[in-house]
$ cat target-v9.txt   # compact mmCIF, C-alpha atoms and all ligand atoms
# COMPACT_ATOMS: atom_id res chain seq x y z
CA MET A 14 125.53 117.03 167.10
CA ARG A 15 125.90 113.22 167.16
CA VAL A 16 129.54 112.25 167.84
CA GLU A 17 130.86 108.79 168.68
CA ARG A 18 133.27 110.09 171.27
CA LYS A 19 135.41 107.68 173.24
CA LEU A 20 136.95 109.53 176.16
CA GLU A 21 140.74 109.24 176.13
CA VAL A 22 143.85 110.48 177.80
CA VAL A 23 145.54 112.66 175.17
CA SER A 24 148.98 114.32 175.24
CA VAL A 25 149.60 117.70 173.71
CA ILE A 26 153.31 118.25 173.13
CA GLY A 27 154.14 121.96 173.20
CA ALA A 28 152.43 124.52 175.43
CA GLY A 29 152.62 127.56 173.17
CA SER A 30 149.47 129.33 172.07
CA TRP A 31 148.24 126.62 169.72
CA GLY A 32 149.04 123.62 171.92
CA THR A 33 147.31 125.29 174.87
CA ALA A 34 144.21 126.24 172.87
CA LEU A 35 143.90 122.71 171.45
CA ALA A 36 144.34 121.20 174.91
CA MET A 37 141.39 123.36 176.00
CA VAL A 38 139.23 121.99 173.13
CA LEU A 39 140.11 118.42 174.14
CA ALA A 40 139.32 119.13 177.80
CA ASP A 41 136.01 120.76 176.81
CA ASN A 42 135.22 117.43 175.12
CA GLY A 43 135.87 115.54 178.37
CA HIS A 44 139.33 114.15 177.55
CA HIS A 45 141.96 114.08 180.26
CA THR A 46 144.62 116.20 178.59
CA ARG A 47 148.32 116.27 179.40
CA LEU A 48 149.98 119.46 178.23
CA TRP A 49 153.75 119.06 178.00
CA SER A 50 156.14 122.00 178.12
CA HIS A 51 159.94 122.01 178.22
CA ASN A 52 159.68 125.03 180.48
CA PRO A 53 159.23 124.00 184.18
CA SER A 54 157.84 127.37 185.28
CA GLN A 55 155.13 127.12 182.63
CA VAL A 56 154.15 123.65 183.88
CA GLU A 57 153.95 125.06 187.39
CA GLU A 58 151.79 127.96 186.16
CA ILE A 59 149.39 125.67 184.26
CA ASN A 60 148.92 123.44 187.33
CA SER A 61 148.71 126.13 189.99
CA THR A 62 146.79 129.02 188.41
CA HIS A 63 145.40 127.29 185.28
CA THR A 64 146.81 129.99 183.07
CA ASN A 65 149.46 130.39 180.37
CA GLU A 66 149.87 134.16 180.51
CA LYS A 67 152.74 134.41 178.05
CA TYR A 68 150.86 132.68 175.25
CA LEU A 69 147.15 133.15 176.06
CA PRO A 70 146.85 136.10 178.43
CA GLY A 71 143.65 136.33 180.46
CA ILE A 72 142.46 132.81 179.60
CA THR A 73 141.54 130.20 182.23
CA ILE A 74 142.61 126.67 181.28
CA PRO A 75 140.12 123.91 182.25
CA GLU A 76 140.90 121.60 185.20
CA LEU A 77 141.07 118.55 182.89
CA VAL A 78 144.29 119.98 181.42
CA LYS A 79 147.33 119.05 183.51
CA GLY A 80 150.81 120.42 182.87
CA TYR A 81 153.66 117.92 182.48
CA GLY A 82 157.37 118.66 182.45
CA ASP A 83 158.56 115.08 181.92
CA LEU A 84 158.05 114.03 178.31
CA ALA A 85 158.14 110.27 179.01
CA GLU A 86 155.51 110.68 181.72
CA ALA A 87 153.36 112.88 179.47
CA VAL A 88 153.33 110.29 176.67
CA SER A 89 153.14 107.18 178.87
CA GLY A 90 150.16 104.94 178.04
CA VAL A 91 148.48 107.29 175.53
CA GLU A 92 147.32 106.27 172.08
CA THR A 93 147.41 109.76 170.55
CA ILE A 94 149.73 112.73 170.82
CA ILE A 95 149.13 116.19 169.41
CA LEU A 96 152.45 117.60 168.23
CA ALA A 97 152.24 121.39 168.65
CA VAL A 98 155.81 122.66 168.56
CA PRO A 99 157.24 124.87 165.79
CA THR A 100 158.41 123.00 162.67
CA LYS A 101 162.07 123.49 163.55
CA ALA A 102 161.59 121.66 166.90
CA ILE A 103 159.71 118.64 165.53
CA ARG A 104 162.68 116.36 164.89
CA GLU A 105 164.26 117.18 168.26
CA VAL A 106 161.06 116.29 170.17
CA LEU A 107 160.46 113.08 168.19
CA LYS A 108 164.05 111.94 168.75
CA LYS A 109 163.41 112.22 172.50
CA ILE A 110 160.11 110.30 172.29
CA VAL A 111 161.74 107.47 170.33
CA GLN A 112 164.16 106.91 173.22
CA PHE A 113 161.48 105.74 175.65
CA GLN A 114 158.39 104.87 173.60
CA LYS A 115 157.45 101.18 173.32
CA GLU A 116 153.94 101.22 171.78
CA PRO A 117 152.80 102.70 168.43
CA LEU A 118 151.44 106.26 168.61
CA THR A 119 149.00 108.15 166.45
CA ILE A 120 150.68 111.51 165.85
CA VAL A 121 148.47 114.48 165.03
CA HIS A 122 150.61 117.39 163.91
CA VAL A 123 149.24 120.90 163.92
CA SER A 124 152.31 122.83 162.78
CA LYS A 125 152.49 124.83 159.57
CA GLY A 126 155.84 124.61 157.87
CA ILE A 127 158.13 122.90 155.37
CA GLU A 128 161.67 121.93 156.27
CA PRO A 129 164.25 123.94 154.29
CA ASP A 130 166.87 121.92 152.37
CA THR A 131 165.19 118.50 152.81
CA LEU A 132 161.99 120.14 151.48
CA LEU A 133 159.93 117.66 153.46
CA ARG A 134 156.39 118.25 154.65
CA ILE A 135 155.83 117.66 158.35
CA SER A 136 154.11 114.29 157.96
CA GLN A 137 157.17 113.16 155.96
CA MET A 138 159.51 114.39 158.70
CA ILE A 139 157.48 112.39 161.24
CA GLU A 140 157.67 109.26 159.06
CA GLU A 141 161.42 109.74 158.79
CA GLU A 142 161.98 110.15 162.54
CA MET A 143 159.63 107.47 163.89
CA PRO A 144 160.53 103.79 163.43
CA SER A 145 157.60 101.99 161.82
CA ASN A 146 156.90 99.90 164.95
CA LEU A 147 156.29 103.13 166.94
CA LEU A 148 154.19 104.94 164.38
CA GLY A 149 150.47 104.19 164.21
CA GLU A 150 148.90 106.89 162.03
CA VAL A 151 150.00 110.40 161.04
CA VAL A 152 147.22 112.99 160.91
CA VAL A 153 147.45 116.70 160.10
CA LEU A 154 145.05 119.26 161.59
CA SER A 155 145.01 122.62 159.81
CA GLY A 156 142.74 125.52 158.85
CA PRO A 157 141.84 129.10 159.75
CA SER A 158 142.22 128.97 163.52
CA HIS A 159 143.93 131.59 165.63
CA ALA A 160 144.60 130.19 169.09
CA GLU A 161 143.41 133.42 170.72
CA GLU A 162 139.89 132.94 169.27
CA VAL A 163 139.77 129.17 169.86
CA SER A 164 140.61 129.77 173.54
CA LEU A 165 137.63 132.17 173.72
CA ARG A 166 135.50 129.37 172.23
CA HIS A 167 134.61 131.49 169.21
CA PRO A 168 133.29 129.48 166.23
CA THR A 169 136.20 127.92 164.34
CA THR A 170 136.49 125.41 161.50
CA VAL A 171 139.46 123.19 160.70
CA THR A 172 140.29 120.17 158.54
CA VAL A 173 142.00 116.90 159.44
CA SER A 174 143.73 114.77 156.85
CA ALA A 175 145.50 111.42 156.82
CA LYS A 176 146.39 108.67 154.37
CA ASN A 177 143.98 106.49 156.33
CA MET A 178 140.60 108.22 156.42
CA LEU A 179 139.50 106.14 159.42
CA ALA A 180 142.33 107.74 161.39
CA ALA A 181 141.26 111.20 160.20
CA GLU A 182 137.68 110.46 161.27
CA ARG A 183 138.85 109.30 164.69
CA ILE A 184 140.66 112.61 165.20
CA GLN A 185 137.63 114.48 163.87
CA ASP A 186 135.57 112.85 166.65
CA LEU A 187 138.24 113.61 169.25
CA PHE A 188 138.16 117.38 168.60
CA ILE A 189 134.78 118.29 167.14
CA ASN A 190 132.35 120.26 169.30
CA GLN A 191 129.84 123.09 168.96
CA ASN A 192 132.58 125.75 168.80
CA PHE A 193 135.20 123.78 166.92
CA ARG A 194 133.91 122.18 163.74
CA VAL A 195 136.24 119.63 162.14
CA TYR A 196 136.04 118.47 158.52
CA THR A 197 138.01 115.66 156.86
CA ASN A 198 139.93 115.75 153.57
CA PRO A 199 141.99 112.87 152.13
CA ASP A 200 144.49 115.23 150.43
CA VAL A 201 147.39 115.29 152.91
CA ILE A 202 149.75 117.05 150.49
CA GLY A 203 147.28 119.84 149.71
CA VAL A 204 146.38 120.37 153.39
CA GLU A 205 150.03 120.56 154.46
CA ILE A 206 151.14 122.77 151.56
CA GLY A 207 148.24 125.23 151.97
CA GLY A 208 148.82 125.55 155.73
CA ALA A 209 152.54 126.07 155.39
CA LEU A 210 152.64 128.43 152.43
CA LYS A 211 149.89 130.79 153.55
CA ASN A 212 152.37 132.12 156.12
CA ILE A 213 154.55 133.43 153.28
CA ILE A 214 151.65 135.38 151.83
CA ALA A 215 150.67 136.63 155.32
CA LEU A 216 154.18 138.06 155.76
CA ALA A 217 153.80 139.75 152.37
CA ALA A 218 150.34 141.11 153.32
CA GLY A 219 151.81 142.50 156.54
CA ILE A 220 154.60 144.18 154.57
CA SER A 221 152.06 145.69 152.18
CA ASP A 222 150.05 147.10 155.11
CA GLY A 223 153.25 148.30 156.78
CA LEU A 224 154.16 150.18 153.60
CA GLY A 225 150.77 151.91 153.81
CA TYR A 226 149.22 150.16 150.82
CA GLY A 227 145.52 149.39 150.97
CA ASP A 228 142.88 146.73 150.53
CA ASN A 229 143.41 146.43 146.76
CA ALA A 230 147.01 145.37 147.30
CA LYS A 231 146.01 142.88 150.00
CA ALA A 232 143.28 141.33 147.84
CA ALA A 233 145.83 140.99 145.06
CA LEU A 234 148.31 139.26 147.37
CA ILE A 235 145.69 136.83 148.69
CA THR A 236 144.41 135.96 145.22
CA ARG A 237 147.72 135.75 143.39
CA GLY A 238 149.27 134.15 146.46
CA LEU A 239 146.70 131.39 146.28
CA ALA A 240 147.48 130.98 142.56
CA GLU A 241 151.18 130.35 143.21
CA ILE A 242 150.52 128.09 146.23
CA ALA A 243 148.13 125.99 144.14
CA ARG A 244 150.56 125.92 141.19
CA LEU A 245 153.26 124.44 143.39
CA GLY A 246 150.91 122.20 145.37
CA VAL A 247 149.39 120.62 142.26
CA LYS A 248 152.88 119.89 140.87
CA MET A 249 153.68 118.19 144.17
CA GLY A 250 150.60 115.99 143.85
CA ALA A 251 147.88 117.94 145.70
CA SER A 252 144.29 118.21 144.55
CA PRO A 253 143.53 121.72 143.18
CA LEU A 254 140.19 121.63 145.04
CA THR A 255 141.90 121.63 148.44
CA PHE A 256 143.20 125.16 147.82
CA SER A 257 139.63 126.51 147.65
CA GLY A 258 138.94 124.97 151.07
CA LEU A 259 139.61 125.82 154.71
CA THR A 260 143.30 124.95 154.58
CA GLY A 261 143.79 126.96 151.38
CA ILE A 262 141.88 130.18 150.86
CA GLY A 263 140.33 129.92 154.35
CA ASP A 264 143.64 130.04 156.17
CA LEU A 265 145.02 132.62 153.73
CA ILE A 266 142.17 135.00 154.49
CA VAL A 267 142.47 134.67 158.26
CA THR A 268 146.23 134.99 158.34
CA CYS A 269 146.48 137.88 155.90
CA THR A 270 143.76 139.93 157.57
CA SER A 271 144.01 139.26 161.31
CA VAL A 272 146.00 141.20 163.87
CA HIS A 273 146.39 137.88 165.73
CA SER A 274 148.65 136.55 162.98
CA ARG A 275 152.29 136.54 163.99
CA ASN A 276 153.27 136.30 160.33
CA TRP A 277 151.16 139.34 159.42
CA ARG A 278 152.50 141.29 162.42
CA ALA A 279 156.10 140.42 161.59
CA GLY A 280 155.52 141.49 157.96
CA ASN A 281 153.92 144.71 159.14
CA MET A 282 157.04 145.63 161.12
CA LEU A 283 159.26 144.76 158.16
CA GLY A 284 157.12 147.02 155.96
CA LYS A 285 157.60 149.82 158.49
CA GLY A 286 161.35 149.51 158.06
CA HIS A 287 162.42 147.26 160.95
CA HIS A 288 165.16 144.72 160.42
CA LEU A 289 164.26 140.99 160.31
CA GLN A 290 166.27 139.99 163.40
CA GLU A 291 164.83 142.87 165.42
CA VAL A 292 161.30 141.82 164.36
CA LEU A 293 161.82 138.16 165.32
CA ASP A 294 163.30 139.16 168.69
CA LYS A 295 160.29 141.39 169.40
CA MET A 296 157.70 138.72 168.44
CA GLY A 297 158.79 136.16 171.09
CA MET A 298 156.63 133.56 169.30
CA VAL A 299 157.25 131.48 166.23
CA VAL A 300 157.00 133.20 162.82
CA GLU A 301 156.91 130.09 160.63
CA GLY A 302 156.74 131.99 157.35
CA VAL A 303 160.41 133.00 157.47
CA ARG A 304 161.82 129.47 157.26
CA THR A 305 158.98 128.39 154.98
CA THR A 306 159.87 131.15 152.50
CA LYS A 307 163.32 129.60 152.21
CA ALA A 308 161.83 126.14 151.70
CA ALA A 309 159.20 127.31 149.20
CA TYR A 310 161.81 129.22 147.20
CA GLN A 311 163.82 125.99 146.95
CA LEU A 312 160.67 123.98 146.08
CA ALA A 313 159.80 126.44 143.30
CA GLU A 314 163.23 125.85 141.77
CA LYS A 315 163.00 122.08 142.22
CA PHE A 316 159.53 121.81 140.64
CA ASP A 317 160.16 124.61 138.12
CA VAL A 318 157.12 126.60 139.24
CA ARG A 319 156.77 130.38 139.01
CA MET A 320 156.25 131.85 142.50
CA PRO A 321 156.77 135.60 142.13
CA ILE A 322 155.46 136.65 145.56
CA THR A 323 157.52 133.99 147.34
CA SER A 324 160.53 135.02 145.31
CA ALA A 325 160.03 138.72 146.15
CA LEU A 326 159.69 137.90 149.84
CA HIS A 327 162.80 135.74 149.69
CA GLY A 328 164.66 138.79 148.41
CA ILE A 329 163.37 140.97 151.27
CA LEU A 330 164.09 138.41 154.01
CA PHE A 331 167.43 137.03 152.88
CA ASN A 332 168.95 139.41 150.32
CA GLU A 333 168.31 142.85 151.82
CA VAL A 334 165.88 143.85 149.05
CA ASN A 335 163.94 146.96 150.06
CA PRO A 336 160.21 146.07 150.50
CA LYS A 337 159.03 148.98 148.33
CA ASP A 338 161.42 147.91 145.54
CA ALA A 339 160.13 144.34 145.85
CA VAL A 340 156.53 145.55 145.32
CA ASP A 341 157.61 147.65 142.35
CA GLY A 342 159.34 144.58 140.93
CA LEU A 343 156.17 142.51 141.27
CA MET A 344 154.02 145.17 139.60
CA ASN A 345 156.39 145.67 136.68
CA ARG A 346 156.75 142.06 135.59
CA GLU A 347 155.99 141.01 132.02
CA LYS A 348 152.22 141.10 131.37
CA THR A 349 150.48 137.73 131.62
CA HIS A 350 147.12 135.91 131.63
CA GLU A 351 145.29 135.40 134.91
CA VAL A 352 144.41 131.73 134.41
CA GLU A 353 147.43 130.06 132.85
CA ASP A 354 145.78 126.74 131.93
CA LEU A 355 143.07 128.55 130.01
CA ALA A 356 145.67 130.71 128.34
CA ASN A 357 147.63 127.65 127.25
CA ILE A 358 144.51 126.20 125.61
CA LEU A 359 143.82 129.50 123.81
CA ASP A 360 147.45 129.77 122.71
CA SER A 361 147.31 126.31 121.15
CA ASN A 362 144.01 127.08 119.34
CA PRO A 363 144.72 128.66 115.94
CA ALA A 364 141.08 129.82 115.63
CA LYS A 365 141.21 132.01 118.76
N1 LIG B 401 149.08 130.09 167.26
C1 LIG B 401 148.13 129.75 166.39
O1 LIG B 401 147.06 130.38 166.35
C2 LIG B 401 148.35 128.61 165.47
C3 LIG B 401 149.59 128.03 165.31
N2 LIG B 401 149.74 127.00 164.44
C4 LIG B 401 151.03 126.34 164.27
O2 LIG B 401 151.34 125.63 165.46
C5 LIG B 401 152.76 125.53 165.61
C6 LIG B 401 153.13 125.99 167.01
O3 LIG B 401 152.76 127.34 167.06
P1 LIG B 401 152.39 128.15 168.36
O4 LIG B 401 151.87 127.32 169.45
O5 LIG B 401 151.55 129.27 167.91
O6 LIG B 401 153.84 128.70 168.71
P2 LIG B 401 154.29 129.50 169.99
O7 LIG B 401 155.45 130.30 169.59
O8 LIG B 401 153.11 130.16 170.59
O9 LIG B 401 154.74 128.33 171.00
C7 LIG B 401 155.69 127.39 170.64
C8 LIG B 401 155.85 126.43 171.81
O10 LIG B 401 156.79 125.43 171.45
C9 LIG B 401 157.83 125.42 172.43
N3 LIG B 401 159.09 125.04 171.84
C10 LIG B 401 159.87 125.74 170.99
N4 LIG B 401 160.97 125.04 170.67
C11 LIG B 401 160.90 123.88 171.36
C12 LIG B 401 161.74 122.76 171.46
N5 LIG B 401 162.88 122.67 170.77
N6 LIG B 401 161.36 121.74 172.28
C13 LIG B 401 160.22 121.80 172.97
N7 LIG B 401 159.36 122.84 172.91
C14 LIG B 401 159.70 123.87 172.10
C15 LIG B 401 157.86 126.85 172.95
O11 LIG B 401 158.51 126.89 174.20
P3 LIG B 401 159.16 128.26 174.77
O12 LIG B 401 158.05 129.00 175.42
O13 LIG B 401 160.19 127.76 175.75
O14 LIG B 401 159.76 128.98 173.61
C16 LIG B 401 156.36 127.14 173.06
O15 LIG B 401 155.82 126.52 174.19
C17 LIG B 401 153.37 126.41 164.50
O16 LIG B 401 153.77 125.59 163.45
C18 LIG B 401 152.20 127.28 164.05
O17 LIG B 401 152.30 127.64 162.68
C19 LIG B 401 148.70 126.49 163.73
C20 LIG B 401 147.45 127.02 163.86
C21 LIG B 401 147.17 128.13 164.73
O1 LIG B 402 147.95 129.50 161.36
C1 LIG B 402 147.42 130.37 162.00
C2 LIG B 402 145.97 130.64 161.93
O2 LIG B 402 145.31 129.68 161.17
C3 LIG B 402 148.25 131.24 162.86
O3 LIG B 402 148.98 132.08 162.07
P1 LIG B 402 150.24 132.86 162.64
O4 LIG B 402 151.30 131.82 162.90
O5 LIG B 402 150.62 133.83 161.58
O6 LIG B 402 149.80 133.54 163.92
$ encode --input "target-v9.txt" --output "structure tokens"
Amino acid sequence: MRVERKLEVVSVIGAGSWGTALAMVLADNGHHTRLWSHNPSQVEEINSTHTNEKYLPGITIPELVKGYGDLAEAVSGVETIILAVPTKAIREVLKKIVQFQKEPLTIVHVSKGIEPDTLLRISQMIEEEMPSNLLGEVVVLSGPSHAEEVSLRHPTTVTVSAKNMLAAERIQDLFINQNFRVYTNPDVIGVEIGGALKNIIALAAGISDGLGYGDNAKAALITRGLAEIARLGVKMGASPLTFSGLTGIGDLIVTCTSVHSRNWRAGNMLGKGHHLQEVLDKMGMVVEGVRTTKAAYQLAEKFDVRMPITSALHGILFNEVNPKDAVDGLMNREKTHEVEDLANILDSNPAK
């Protein structure tokens, strides 16, 4: 593979499973990689035993990855940071960076969420928090990519997207290697919406499995889930084509069918009758789909888009609706066409 790779010092902000796995990809590509954690004992573990047992048990982290506990030191002198904290921590971390940063930064975010109430995508939150003199480019990296498999160097494909395609291509070159194939896509809205909303459907797929339903139900959730994600995304300005790509159907498949998925696992416990708070306490890792369900429910109202699966999940998570009743509700809705646009054309054609 021919890659114009300029070796850099790169900072990864957030040493959870995804930040650690991405730091390993960067180190495999020869970049000196600073992995920042707000947890001092984790920094100590990364530097002394080259492990991160809580998040990636059994994995050895390459020597080129160094743990940092001081955020200003971790970001000092770098051109690019990879922002790998959960969506709800993004503003807090950026507010800290703004206090000491002097030079513009390219920010690559790898989180999958939408902010409830403001209804902002992550790139919009970054643009809001960073003064323009400190913000170079904003790039999103997304796609079907469980950290556990990336850290084992199993073949993985992702997509990077930015308003400025040259920035996206630079980040493509930073990460791409024989195990980690990176595509570009100019559709930032579609990439961010697909990545965030697939977590809602993964929670629903987990619930379905937890209830003991089978592959038919899961295929239905994936397919009709994609339909409602695309319906909303297109209204928000995304290209419909993006939803048939890695950050759309690709990420939906992996998250709805993999035991690695925290969203699927959380859903599975809910389907087996556990209470939401108990499930989140047990997970010990971020389950982005819960907050994103709230945001997507609000977006559906704002854009006047039908999102029956999101709406059913919203009932389960926030209004004590019994999961089995929610499934019954979905199955007993008014009959409809599968492809609405086609149906609208037929409905307006008197000769049909
Ligand atoms: N895991 C995966 O396979 C993938 C995850 N993603 C996305 O990446 C994002 C991060 O997920 P992931 O790494 O899996 O999450 P994890 O739960 O594994 O780790 C989150 C990390 O962020 C830290 N953190 C939490 N809150 C703060 C805060 N306020 N300030 C600083 N650090 C904080 C946590 O620290 P602490 O240990 O102290 O809690 C932990 O190190 C999510 O949006 C997720 O959807 C995307 C693709 C793949
Ligand atoms: O986004 C992911 C894989 O692409 C990870 O999903 P979970 O957060 O559900 O583990």
$ atom_distance --input "target-v9.txt" --atom1 "atom CA of Asn276 of chain A" --atom2 "atom CA of Val299 of chain A"
8.6 Å
$ closest_residue --input "target-v9.txt" --among "A:Thr170, A:Ser145, A:Thr255, A:Ser61" --to "ligand LIG 401 (chain B)" --atoms "only C-alpha atoms and all ligand atoms"
A:Thr170
$ residues_around --input "target-v9.txt" --residues "segment 80-94 of chain A" --least-positions-apart "5" --cutoff "6 Å" --atoms "only C-alpha atoms" --output "PyMOL selection string"
chain A and resi 23-25+47-51+53+56+59-60+118-120
$ residues_near_ligand --input "target-v9.txt" --ligand "ligand LIG 402 (chain B)" --cutoff "9 Å" --atoms "all atoms listed in the file" --output "NGL selection string"
:A and (31 or 124-125 or 155-160 or 171 or 208-209 or 211-212 or 215-216 or 260 or 263-265 or 267-269 or 271-279 or 298-302)
$ write_last_selection --input "target-v9.txt" --atoms "C-alpha atoms" --output "compact mmCIF listing (two decimals), keeping the file's coordinate frame"
# COMPACT_ATOMS: atom_id res chain seq x y z
CA TRP A 31 148.24 126.62 169.72
CA SER A 124 152.31 122.83 162.78
CA LYS A 125 152.49 124.83 159.57
CA SER A 155 145.01 122.62 159.81
CA GLY A 156 142.74 125.52 158.85
CA PRO A 157 141.84 129.10 159.75
CA SER A 158 142.22 128.97 163.52
CA HIS A 159 143.93 131.59 165.63
CA ALA A 160 144.60 130.19 169.09
CA VAL A 171 139.46 123.19 160.70
CA GLY A 208 148.82 125.55 155.73
CA ALA A 209 152.54 126.07 155.39
CA LYS A 211 149.89 130.79 153.55
CA ASN A 212 152.37 132.12 156.12
CA ALA A 215 150.67 136.63 155.32
CA LEU A 216 154.18 138.06 155.76
CA THR A 260 143.30 124.95 154.58
CA GLY A 263 140.33 129.92 154.35
CA ASP A 264 143.64 130.04 156.17
CA LEU A 265 145.02 132.62 153.73
CA VAL A 267 142.47 134.67 158.26
CA THR A 268 146.23 134.99 158.34
CA CYS A 269 146.48 137.88 155.90
CA SER A 271 144.01 139.26 161.31
CA VAL A 272 146.00 141.20 163.87
CA HIS A 273 146.39 137.88 165.73
CA SER A 274 148.65 136.55 162.98
CA ARG A 275 152.29 136.54 163.99
CA ASN A 276 153.27 136.30 160.33
CA TRP A 277 151.16 139.34 159.42
CA ARG A 278 152.50 141.29 162.42
CA ALA A 279 156.10 140.42 161.59
CA MET A 298 156.63 133.56 169.30
CA VAL A 299 157.25 131.48 166.23
CA VAL A 300 157.00 133.20 162.82
CA GLU A 301 156.91 130.09 160.63
CA GLY A 302 156.74 131.99 157.35
$ atom_distance --input "target-v9.txt" --atom1 "atom CA of Val204 of chain A" --atom2 "atom CA of Phe256 of chain A"
8.0 Å
$ atom_distance --input "target-v9.txt" --atom1 "atom CA of Phe316 of chain A" --atom2 "atom CA of Val334 of chain A"
24.4 Å
$ residues_near_point --input "target-v9.txt" --point "(150.4, 127.0, 181.2)" --cutoff "8 Å" --atoms "only C-alpha atoms" --output "PyMOL selection string"
chain A and resi 28+33+55-60+63-66+74+80
$ closest_residue --input "target-v9.txt" --among "A:Asn281, A:Pro336, A:Leu154, A:Ile95" --to "Val201 of chain A" --atoms "only C-alpha atoms"
A:Leu154
